[in-house]
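Next comes final.pdb, with PDB, C-alpha atoms and all ligand atoms.
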ATOM      1  CA  MET A  17     -20.467-119.856-124.737
ATOM      2  CA  LYS A  18     -16.905-120.768-123.821
ATOM      3  CA  GLY A  19     -14.474-118.058-122.768
ATOM      4  CA  ALA A  20     -12.112-119.395-125.448
ATOM      5  CA  VAL A  21     -14.490-118.216-128.192
ATOM      6  CA  PHE A  22     -14.684-114.717-126.641
ATOM      7  CA  THR A  23     -10.904-114.451-126.349
ATOM      8  CA  GLU A  24     -10.555-115.500-129.994
ATOM      9  CA  LEU A  25     -12.949-112.679-130.933
ATOM     10  CA  PHE A  26     -10.943-110.198-128.837
ATOM     11  CA  ASP A  27      -7.643-111.266-130.437
ATOM     12  CA  TYR A  28      -9.210-110.927-133.869
ATOM     13  CA  VAL A  29     -10.590-107.417-133.183
ATOM     14  CA  GLU A  30      -7.365-106.294-131.507
ATOM     15  CA  ASP A  31      -5.200-107.514-134.408
ATOM     16  CA  ALA A  32      -7.431-105.750-136.924
ATOM     17  CA  HIS A  33      -8.135-102.476-135.092
ATOM     18  CA  GLY A  34      -5.834-102.186-132.066
ATOM     19  CA  PRO A  35      -6.252-102.420-128.275
ATOM     20  CA  GLU A  36      -8.061 -99.090-127.848
ATOM     21  CA  PHE A  37     -10.774-100.036-130.309
ATOM     22  CA  LEU A  38     -11.174-103.375-128.523
ATOM     23  CA  GLN A  39     -11.539-101.650-125.133
ATOM     24  CA  GLU A  40     -14.085 -99.184-126.562
ATOM     25  CA  THR A  41     -16.058-102.114-127.955
ATOM     26  CA  ILE A  42     -16.051-103.908-124.592
ATOM     27  CA  ASP A  43     -17.099-100.715-122.762
ATOM     28  CA  ALA A  44     -19.894 -99.967-125.228
ATOM     29  CA  ALA A  45     -21.226-103.533-124.955
ATOM     30  CA  ASP A  46     -21.792-102.923-121.210
ATOM     31  CA  LEU A  47     -21.191-106.557-120.316
ATOM     32  CA  PRO A  48     -21.972-108.065-116.887
ATOM     33  CA  THR A  49     -18.514-109.733-117.010
ATOM     34  CA  LYS A  50     -16.845-106.465-118.136
ATOM     35  CA  GLY A  51     -15.210-108.571-120.852
ATOM     36  CA  VAL A  52     -13.105-110.665-118.462
ATOM     37  CA  TYR A  53     -13.287-114.279-119.637
ATOM     38  CA  ALA A  54     -11.435-117.405-118.498
ATOM     39  CA  THR A  55     -10.773-119.777-121.404
ATOM     40  CA  THR A  56     -12.613-122.691-119.826
ATOM     41  CA  GLY A  57     -15.427-120.631-118.251
ATOM     42  CA  THR A  58     -18.928-120.524-119.722
ATOM     43  CA  TYR A  59     -20.625-117.170-120.328
ATOM     44  CA  PRO A  60     -23.993-116.124-121.718
ATOM     45  CA  THR A  61     -24.259-116.196-125.510
ATOM     46  CA  SER A  62     -26.038-112.833-125.091
ATOM     47  CA  GLU A  63     -22.612-111.276-124.361
ATOM     48  CA  MET A  64     -21.359-112.447-127.754
ATOM     49  CA  VAL A  65     -24.489-110.992-129.346
ATOM     50  CA  SER A  66     -23.901-107.643-127.541
ATOM     51  CA  LEU A  67     -20.256-107.493-128.628
ATOM     52  CA  VAL A  68     -21.070-108.286-132.240
ATOM     53  CA  SER A  69     -23.904-105.689-132.213
ATOM     54  CA  VAL A  70     -21.478-103.000-131.017
ATOM     55  CA  LEU A  71     -18.958-104.060-133.674
ATOM     56  CA  SER A  72     -21.712-103.872-136.270
ATOM     57  CA  ASN A  73     -22.634-100.326-135.193
ATOM     58  CA  SER A  74     -19.041 -99.123-135.271
ATOM     59  CA  SER A  75     -18.117-100.816-138.556
ATOM     60  CA  GLY A  76     -21.388-100.539-140.478
ATOM     61  CA  ILE A  77     -21.112-104.258-141.264
ATOM     62  CA  ALA A  78     -24.282-106.275-140.590
ATOM     63  CA  VAL A  79     -24.234-108.713-137.641
ATOM     64  CA  PRO A  80     -24.683-111.862-139.813
ATOM     65  CA  ASP A  81     -21.745-110.813-142.005
ATOM     66  CA  LEU A  82     -19.551-110.212-138.959
ATOM     67  CA  LEU A  83     -20.432-113.626-137.503
ATOM     68  CA  ARG A  84     -19.666-115.290-140.843
ATOM     69  CA  VAL A  85     -16.282-113.581-141.128
ATOM     70  CA  PHE A  86     -15.442-114.395-137.517
ATOM     71  CA  GLY A  87     -16.515-118.045-138.011
ATOM     72  CA  GLU A  88     -14.220-118.339-141.003
ATOM     73  CA  HIS A  89     -11.330-116.917-138.973
ATOM     74  CA  LEU A  90     -12.201-119.134-135.974
ATOM     75  CA  PHE A  91     -11.909-122.289-138.059
ATOM     76  CA  GLY A  92      -8.366-121.255-138.999
ATOM     77  CA  ARG A  93      -7.594-120.822-135.305
ATOM     78  CA  PHE A  94      -8.967-124.307-134.566
ATOM     79  CA  THR A  95      -6.499-125.779-137.085
ATOM     80  CA  VAL A  96      -3.681-124.214-135.040
ATOM     81  CA  SER A  97      -5.071-124.928-131.547
ATOM     82  CA  TYR A  98      -6.289-128.488-132.145
ATOM     83  CA  PRO A  99      -3.969-130.050-134.771
ATOM     84  CA  ALA A 100      -4.715-133.571-133.494
ATOM     85  CA  LEU A 101      -8.334-133.241-134.651
ATOM     86  CA  PHE A 102      -7.124-132.855-138.238
ATOM     87  CA  GLU A 103      -4.946-135.949-138.358
ATOM     88  CA  GLY A 104      -6.028-138.449-140.979
ATOM     89  CA  CYS A 105      -8.605-136.138-142.532
ATOM     90  CA  ASP A 106      -7.841-134.652-145.916
ATOM     91  CA  ASP A 107     -11.107-133.358-147.284
ATOM     92  CA  ALA A 108     -13.704-130.840-146.160
ATOM     93  CA  PHE A 109     -16.788-133.057-146.537
ATOM     94  CA  SER A 110     -15.312-135.845-144.374
ATOM     95  CA  PHE A 111     -14.285-133.304-141.763
ATOM     96  CA  LEU A 112     -17.672-131.547-141.723
ATOM     97  CA  ALA A 113     -19.533-134.868-141.590
ATOM     98  CA  SER A 114     -17.449-135.834-138.539
ATOM     99  CA  VAL A 115     -18.148-132.702-136.483
ATOM    100  CA  GLU A 116     -21.133-134.252-134.678
ATOM    101  CA  ASN A 117     -19.664-137.654-133.760
ATOM    102  CA  VAL A 118     -15.929-136.982-133.598
ATOM    103  CA  ILE A 119     -14.917-133.304-133.403
ATOM    104  CA  HIS A 120     -17.500-131.947-130.999
ATOM    105  CA  MET A 121     -17.296-135.198-128.975
ATOM    106  CA  GLU A 122     -13.604-134.435-128.432
ATOM    107  CA  VAL A 123     -14.528-130.831-127.583
ATOM    108  CA  ARG A 124     -16.950-132.167-124.977
ATOM    109  CA  LYS A 125     -14.155-134.222-123.384
ATOM    110  CA  LEU A 126     -12.126-131.012-123.004
ATOM    111  CA  TYR A 127     -15.090-128.892-121.926
ATOM    112  CA  PRO A 128     -17.841-131.079-120.418
ATOM    113  CA  ASP A 129     -20.233-128.116-120.184
ATOM    114  CA  ALA A 130     -19.710-126.939-123.795
ATOM    115  CA  GLU A 131     -22.911-125.704-125.412
ATOM    116  CA  LEU A 132     -22.714-127.373-128.783
ATOM    117  CA  PRO A 133     -25.139-127.573-131.671
ATOM    118  CA  THR A 134     -26.202-130.896-133.173
ATOM    119  CA  PHE A 135     -25.570-131.807-136.800
ATOM    120  CA  GLU A 136     -27.293-134.429-138.875
ATOM    121  CA  THR A 137     -25.584-135.446-142.111
ATOM    122  CA  ALA A 138     -28.556-136.073-144.394
ATOM    123  CA  VAL A 139     -26.663-136.404-147.714
ATOM    124  CA  HIS A 140     -22.961-137.170-148.223
ATOM    125  CA  THR A 141     -21.721-137.816-151.759
ATOM    126  CA  ASP A 142     -18.522-136.705-153.493
ATOM    127  CA  THR A 143     -20.186-133.494-154.635
ATOM    128  CA  HIS A 144     -22.993-132.805-152.181
ATOM    129  CA  LEU A 145     -23.037-132.606-148.391
ATOM    130  CA  GLN A 146     -26.235-131.742-146.585
ATOM    131  CA  LEU A 147     -25.872-130.811-142.922
ATOM    132  CA  ILE A 148     -28.777-130.014-140.658
ATOM    133  CA  TYR A 149     -27.760-127.650-137.871
ATOM    134  CA  ARG A 150     -29.871-127.408-134.725
ATOM    135  CA  SER A 151     -29.167-125.157-131.750
ATOM    136  CA  ARG A 152     -30.889-123.109-129.065
ATOM    137  CA  ARG A 153     -28.108-120.515-129.527
ATOM    138  CA  HIS A 154     -29.095-119.504-133.064
ATOM    139  CA  MET A 155     -25.535-119.323-134.365
ATOM    140  CA  GLY A 156     -26.315-120.258-137.981
ATOM    141  CA  ASP A 157     -24.193-117.386-139.297
ATOM    142  CA  LEU A 158     -21.188-118.450-137.229
ATOM    143  CA  CYS A 159     -21.822-121.974-138.502
ATOM    144  CA  GLU A 160     -21.781-120.832-142.123
ATOM    145  CA  GLY A 161     -18.480-119.057-141.439
ATOM    146  CA  LEU A 162     -17.002-122.227-139.896
ATOM    147  CA  ILE A 163     -18.113-124.232-142.954
ATOM    148  CA  ARG A 164     -16.497-121.631-145.245
ATOM    149  CA  GLY A 165     -13.335-121.727-143.126
ATOM    150  CA  CYS A 166     -13.257-125.517-143.404
ATOM    151  CA  LEU A 167     -13.602-125.414-147.209
ATOM    152  CA  ALA A 168     -10.822-122.805-147.381
ATOM    153  CA  HIS A 169      -8.556-124.890-145.133
ATOM    154  CA  PHE A 170      -8.858-127.907-147.445
ATOM    155  CA  GLU A 171      -8.592-125.600-150.504
ATOM    156  CA  GLU A 172     -11.962-126.685-151.835
ATOM    157  CA  GLU A 173     -14.685-124.621-153.478
ATOM    158  CA  ALA A 174     -18.384-125.173-153.023
ATOM    159  CA  VAL A 175     -21.659-123.296-153.135
ATOM    160  CA  ILE A 176     -23.484-123.139-149.801
ATOM    161  CA  THR A 177     -27.276-122.844-149.812
ATOM    162  CA  ARG A 178     -29.060-122.210-146.523
ATOM    163  CA  THR A 179     -32.663-123.113-145.806
ATOM    164  CA  THR A 180     -34.265-122.211-142.485
ATOM    165  CA  LEU A 181     -36.398-125.140-141.324
ATOM    166  CA  GLU A 182     -37.349-123.856-137.861
ATOM    167  CA  GLU A 183     -36.708-120.583-136.062
ATOM    168  CA  SER A 184     -37.838-121.134-132.492
ATOM    169  CA  PRO A 185     -37.126-122.288-129.855
ATOM    170  CA  ASP A 186     -34.271-124.000-131.709
ATOM    171  CA  SER A 187     -32.796-122.655-134.888
ATOM    172  CA  VAL A 188     -32.798-125.466-137.449
ATOM    173  CA  ILE A 189     -30.971-124.767-140.700
ATOM    174  CA  LYS A 190     -30.284-127.009-143.663
ATOM    175  CA  PHE A 191     -26.922-126.345-145.285
ATOM    176  CA  ASP A 192     -26.525-127.743-148.798
ATOM    177  CA  ILE A 193     -22.847-127.642-149.696
ATOM    178  CA  GLU A 194     -22.340-128.428-153.383
ATOM    179  CA  LYS A 195     -19.139-128.685-155.364
ATOM    180  CA  GLN A 196     -19.308-127.282-158.854
ATOM    181  CA  PRO A 197     -18.159-129.356-161.828
ATOM    182  CA  LYS A 198     -14.658-128.256-162.870
TER     183      LYS A 198
HETATM  184  C1  LIG A 201     -11.504-128.502-135.010
HETATM  185  C2  LIG A 201     -12.721-128.062-135.283
HETATM  186  C3  LIG A 201     -13.698-127.560-134.250
HETATM  187  C4  LIG A 201     -13.536-127.323-132.918
HETATM  188  C5  LIG A 201     -12.278-127.495-132.068
HETATM  189  C6  LIG A 201     -14.805-126.813-132.422
HETATM  190  C7  LIG A 201     -15.016-126.393-131.117
HETATM  191  C8  LIG A 201     -16.098-125.691-130.688
HETATM  192  C9  LIG A 201     -16.195-125.019-129.403
HETATM  193  C10 LIG A 201     -15.106-125.009-128.320
HETATM  194  C11 LIG A 201     -17.394-124.402-129.370
HETATM  195  C12 LIG A 201     -17.940-123.528-128.232
HETATM  196  C13 LIG A 201     -18.780-124.318-127.280
HETATM  197  C14 LIG A 201     -19.251-123.426-126.163
HETATM  198  O1  LIG A 201     -19.135-122.214-126.294
HETATM  199  O2  LIG A 201     -19.718-123.907-125.091
HETATM  200  C15 LIG A 201     -18.054-124.678-130.631
HETATM  201  C16 LIG A 201     -19.292-124.195-130.950
HETATM  202  C17 LIG A 201     -19.820-124.298-132.200
HETATM  203  N1  LIG A 201     -19.361-125.094-133.222
HETATM  204 FE1  LIG A 201     -17.633-126.127-133.287
HETATM  205  N2  LIG A 201     -15.719-126.770-133.433
HETATM  206  C18 LIG A 201     -15.080-127.210-134.566
HETATM  207  C19 LIG A 201     -15.602-127.313-135.816
HETATM  208  C20 LIG A 201     -16.853-126.869-136.158
HETATM  209  C21 LIG A 201     -17.381-126.872-137.509
HETATM  210  C22 LIG A 201     -16.635-127.331-138.767
HETATM  211  C23 LIG A 201     -18.637-126.376-137.433
HETATM  212  C24 LIG A 201     -19.634-126.180-138.550
HETATM  213  C25 LIG A 201     -19.994-127.147-139.340
HETATM  214  C26 LIG A 201     -18.900-126.047-136.037
HETATM  215  C27 LIG A 201     -20.041-125.455-135.561
HETATM  216  C28 LIG A 201     -20.171-124.867-134.311
HETATM  217  C29 LIG A 201     -21.197-123.883-133.980
HETATM  218  C30 LIG A 201     -22.232-123.312-134.924
HETATM  219  C31 LIG A 201     -20.980-123.533-132.636
HETATM  220  C32 LIG A 201     -21.737-122.456-131.803
HETATM  221  C33 LIG A 201     -22.656-123.032-130.752
HETATM  222  C34 LIG A 201     -24.043-123.358-131.281
HETATM  223  O3  LIG A 201     -24.401-123.011-132.426
HETATM  224  O4  LIG A 201     -24.819-124.000-130.519
HETATM  225  N3  LIG A 201     -17.794-126.381-135.295
HETATM  226  N4  LIG A 201     -17.266-125.481-131.408
END
Would you write the structure of this file as structure tokens?
Amino acid sequence: MKGAVFTELFDYVEDAHGPEFLQETIDAADLPTKGVYATTGTYPTSEMVSLVSVLSNSSGIAVPDLLRVFGEHLFGRFTVSYPALFEGCDDAFSFLASVENVIHMEVRKLYPDAELPTFETAVHTDTHLQLIYRSRRHMGDLCEGLIRGCLAHFEEEAVITRTTLEESPDSVIKFDIEKQPK
């Protein structure tokens, strides 16, 4: 996982709970890198899992919930860090359906070794988007948070239903994102 994602997590934790709490979290996670990440470097996803586990223990919030909340926050950060990727897109479904062939392709140009999931858009109507997430990194909860963050950014409301299709070695999850009639 890219150092940039770790530093976003650190900024988020530090803003919410202060620098001492962040340092205690890093120490308790006992990381091989000691929590020193270069933005463009690539580090084991297991370090993210360790950090989130420590945060879960200290906050009492379950790991999936923490990853969802962080994913939602991370999407907001992407809107600030990569404004060019949002040009010409004014709805959540179009944006989400373009992650595989446009957004993450641009990410790969910036970071050739990025470890990205794949998405298949199986259904795309005005009211229903079905995305099939596949990744060896099992970040379905982060993914759900990013989807929620995207809906919030475009000020849209939808119900997200998750169905696990495969668990190992890849995590394959079907996300049905459905807008409710107004
Ligand atoms: C401007 C928008 C976006 C940018 C700039 C972006 C960028 C990135 C970057 C830099 C990573 C880390 C790659 C690595 O650590 O090697 C990543 C991973 C990931 N992205 Fe995106 N992303 C965007 C939108 C989205 C959206 C909307 C979704 C969900 C539909 C998504 C799903 C994921 C997931 C789940 C991962 C974790 C890695 C994995 O599961 O294999 N991204 N993305």
>> Can you tell me which residues surround Gly19 in chain A at a distance of at most 10 Å, considering all atoms listed in the file, apart from same-chain residues fewer than 2 positions away, and format the answer as a ChimeraX atom specification?
In response: /A:17,21-25,51-60
> Written as a count of residues only, which residues does the PyMOL selection byres (((not hetatm)) within 8 of (chain A and resi 201)) give for the file shown?
Replying inline: 49
>> For the PyMOL selection byres (((chain A and resi 62-75) around 10) and not hetatm), applied here, can you spell out every residue it catches as a ChimeraX atom specification?
In response: /A:17,21-22,25-26,29,37-38,40-51,59-61,76-83,86,153,155
> Do you have the CA of Val175 in chain A-CA of Val139 in chain A distance handy?
Replying inline: 15.0 Å
> Could you work out how far CA of Ser110 in chain A lies from CA of Val188 in chain A, giving the answer in Å with one decimal?
Replying inline: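 CA of Val188 in chain A sits 21.5 Å away from CA of Ser110 in chain A.
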>> Taking all atoms listed in the file into account, name the residue in A:Asp27, A:Glu182, A:Asp107, A:Glu36 that is nearest to Ala168 in chain A.
In response: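 Ranked by minimum distance to Ala168 in chain A, first place goes to A:Asp107.
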> Which one is closest to Gln146 in chain A: A:Glu173, A:Glu194, A:Asp186, A:Asp31? Count all atoms listed in the file.
Replying inline: A:Glu194
> Quick one: distance from CA of Gly92 in chain A to CA of Tyr28 in chain A in Å, one decimal?
Replying inline: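 For CA of Gly92 in chain A relative to CA of Tyr28 in chain A, the distance reads 11.6 Å.
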>> At a cut-off of 12 Å around the point (-20.1, -128.9, -154.6) (file coordinates), what residues fall inside when counting all atoms listed in the file? I'd like the answer as a list in words.
In response: Ala108, Phe109, His140, Thr141, Asp142, Thr143, His144, Leu145, Gln146, Leu167, Glu172, Glu173, Ala174, Val175, Ile176, Thr177, Phe191, Asp192, Ile193, Glu194, Lys195, Gln196, Pro197 and Lys198 of chain A
Output of the above residues as a CSV table (one decimal), keeping the file's coordinate frame, restricted to C-alpha atoms:
chain,number,residue,atom,x,y,z
A,108,ALA,CA,-13.7,-130.8,-146.2
A,109,PHE,CA,-16.8,-133.1,-146.5
A,140,HIS,CA,-23.0,-137.2,-148.2
A,141,THR,CA,-21.7,-137.8,-151.8
A,142,ASP,CA,-18.5,-136.7,-153.5
A,143,THR,CA,-20.2,-133.5,-154.6
A,144,HIS,CA,-23.0,-132.8,-152.2
A,145,LEU,CA,-23.0,-132.6,-148.4
A,146,GLN,CA,-26.2,-131.7,-146.6
A,167,LEU,CA,-13.6,-125.4,-147.2
A,172,GLU,CA,-12.0,-126.7,-151.8
A,173,GLU,CA,-14.7,-124.6,-153.5
A,174,ALA,CA,-18.4,-125.2,-153.0
A,175,VAL,CA,-21.7,-123.3,-153.1
A,176,ILE,CA,-23.5,-123.1,-149.8
A,177,THR,CA,-27.3,-122.8,-149.8
A,191,PHE,CA,-26.9,-126.3,-145.3
A,192,ASP,CA,-26.5,-127.7,-148.8
A,193,ILE,CA,-22.8,-127.6,-149.7
A,194,GLU,CA,-22.3,-128.4,-153.4
A,195,LYS,CA,-19.1,-128.7,-155.4
A,196,GLN,CA,-19.3,-127.3,-158.9
A,197,PRO,CA,-18.2,-129.4,-161.8
A,198,LYS,CA,-14.7,-128.3,-162.9
> Which one of A:Thr180, A:Lys190, A:Ala32, A:His89 sits closest to Arg164 in chain A if you count only C-alpha atoms?
Replying inline: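 Among A:Thr180, A:Lys190, A:Ala32, A:His89, it is A:His89 that comes nearest to Arg164 in chain A.
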Kindly compute an axis-aligned box around the listed atoms of range 174-181 of chain A, allowing 4 Å on each side, and express its centre and edge lengths in Å to one decimal as JSON.
{"center_x": -27.4, "center_y": -123.7, "center_z": -147.2, "size_x": 26.0, "size_y": 11.0, "size_z": 19.8}
